[in-house]
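Taking it in order: structure first as structure tokens, then the write-up.
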Amino acid sequence: MTEEELIKACKQNNARAQKLFFERYSPRLMGVCIRYSNSQDEANDMLQDGFIKIFQKLGSFNGTGSFEGWMHRTMSNTCLDNIRKNKKFKFGVEIENAESEVHVPENALSEIRTKELLELIARLPEGYRIVFNMFAIEGYGHKEIADELGITENTSKSQYRKARLWLQKELVELDKILQ
């Protein structure tokens with residue numbers, strides 16, 4: 001079944017098509033949820049909520065742009081809604097030596113796998129993780145992040161910088177372990 005046929009069948013509330021749709025796209029969209037969540041259970045809840053929204057809003061997809069991009073954005077917004085609703089994110093979490101620049105050895109990145117990098121991102125303090133995901137991975141600008149999260153643009157920039165420093169520090173530690 002092509003993507004267009006699948007979308008058309010889902011718009012007609014075809015349960016078999018919806019199941020196929022979920023099976024086809026959930027692995028990719030789960031990655032979005034995992035990056036925003038604190039646990040697998042929370043990620044599963046976000047994924048479920050996101051698919052409900054995708055199915056509800058499927059009629060609003062007008063075919064301009066990438067369908068996968070549209071789903072990705074819908075899922076990201078669902079995750080952010082979940083975070084806002086639960087007021088779980090905290091900004092201003094301090095980390096030791098956040099202001100000092102950390103040099104990451106070149107071979108540290110060549111040794112790390114995507115899975116390990118995602119695990120490092122998942123360990124970021126929540127405020128850092130949310131801003132890092134939105135800016136570095138989702139492509140939001142700091143103004144958009146500030147508007148979405150109800151923070152200042154400078155707080156967004158600060159959280160992103162601190163997230164990068166935290167990740168750099170962890171990469172240095174990982175490099176020491178790998179040697």
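Residue numbers start at 1 in each chain; chains themselves are named A, B, ... in the order of the structure tokens; ligands are numbered from 1 in the order shown.
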DSSP helix (DSSP H, G or I) residues within stretch 22-170 of chain A, listed as an NGL selection string: :A and (22-36 or 40-60 or 67-86 or 106-111 or 114-123 or 126-137 or 142-149 or 153-170)
Contacts of A:Lys85 within 12 Å, only C-alpha atoms, excl. fewer than 5 positions in-chain, as a list in words: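 My list of contacting residues is Met46, Asn77, Thr78, Cys79, Leu80 and Leu149 of chain A.
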Would you put the residues from that selection into a file with C-alpha atoms, as a PDB file, in the first residue's frame?
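again.pdb, written as the output of this step:
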ATOM      1  CA  MET A  46       3.551  10.285  24.252  1.00  0.00           C
ATOM      2  CA  ASN A  77       4.319  19.201  19.574  1.00  0.00           C
ATOM      3  CA  THR A  78       2.507  16.384  21.370  1.00  0.00           C
ATOM      4  CA  CYS A  79       5.597  15.681  23.463  1.00  0.00           C
ATOM      5  CA  LEU A  80       5.937  19.376  24.300  1.00  0.00           C
ATOM      6  CA  LEU A 149       8.047  26.719  26.658  1.00  0.00           C
TER       7      LEU A 149
END
Nearest to A:Ile121 by atom-to-atom distance, counting only C-alpha atoms, from A:Leu167, A:Leu47, A:Val32, A:Leu6: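 Comparing A:Leu167, A:Leu47, A:Val32, A:Leu6 against A:Ile121, the winner is A:Leu167.
Counting only C-alpha atoms, A:Thr155 has the following residues at most 10 Å away, ignoring those fewer than 4 positions along the same chain: A:Phe91, A:Gly92, A:Val131, A:His142, A:Ile145, A:Ala146, A:Ile151, A:Gln159, A:Tyr160, A:Arg161.
Nearest to A:His72 of all the residues A:Phe51, A:Met1, A:Gly141, A:Lys162 is A:Phe51, based on only C-alpha atoms.
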Long-range neighbours of A:Glu144 as a PyMOL selection string, 10 Å cut-off, only C-alpha atoms, 5 positions minimum in chain: chain A and resi 134-135+139+149-150+153+156
Any chance you could export the current selection's N, CA and C atoms as a compact mmCIF listing (two decimals), in the first residue's frame?
# COMPACT_ATOMS: atom_id res chain seq x y z
N MET A 134 14.91 20.45 20.94
CA MET A 134 14.19 21.39 20.09
C MET A 134 15.12 22.14 19.16
N PHE A 135 16.28 22.57 19.67
CA PHE A 135 17.19 23.38 18.86
C PHE A 135 18.06 22.53 17.94
N GLY A 139 15.27 21.54 15.10
CA GLY A 139 15.49 22.70 14.26
C GLY A 139 14.71 23.95 14.63
N LEU A 149 7.84 27.15 25.28
CA LEU A 149 8.05 26.72 26.66
C LEU A 149 7.74 27.79 27.69
N GLY A 150 7.44 29.00 27.23
CA GLY A 150 7.14 30.07 28.17
C GLY A 150 8.37 30.54 28.95
N GLU A 153 14.14 34.01 25.58
CA GLU A 153 15.04 33.55 24.53
C GLU A 153 16.44 33.31 25.11
N SER A 156 16.62 30.01 26.82
CA SER A 156 16.77 28.95 25.83
C SER A 156 18.22 28.83 25.38
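Straight-line separation from atom CA of A:Arg84 to atom CA of A:Glu148: 9.0 Å.
Candidate residues A:Ser66, A:Gln56, A:Asn133, A:Asn14 were compared for distance to A:Gly31, and the nearest is A:Asn133, using only C-alpha atoms.
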Separation of atom CA of A:Glu138 from atom CA of A:Lys169, in Å and rounded to one decimal: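 Computed distance, atom CA of A:Glu138 to atom CA of A:Lys169, equals 22.7 Å.
Using only C-alpha atoms, the smallest distance between any of A:Phe55, A:Phe132, A:Trp166, A:Trp70 and A:Gln12 comes from A:Phe55.
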Surrounding residues of A:Ala17 excluding itself and chain neighbours under 5 positions, 9 Å, only C-alpha atoms, as a list of chain:residue names: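 Residues meeting the cut-off are A:Leu6, A:Ile7, A:Ala9, A:Cys10, A:Phe22.
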Interatomic distance, atom CA of A:Glu116 to atom CA of A:Asp175 (Å, one decimal):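 About the pair atom CA of A:Glu116 and atom CA of A:Asp175: they are 12.2 Å apart.
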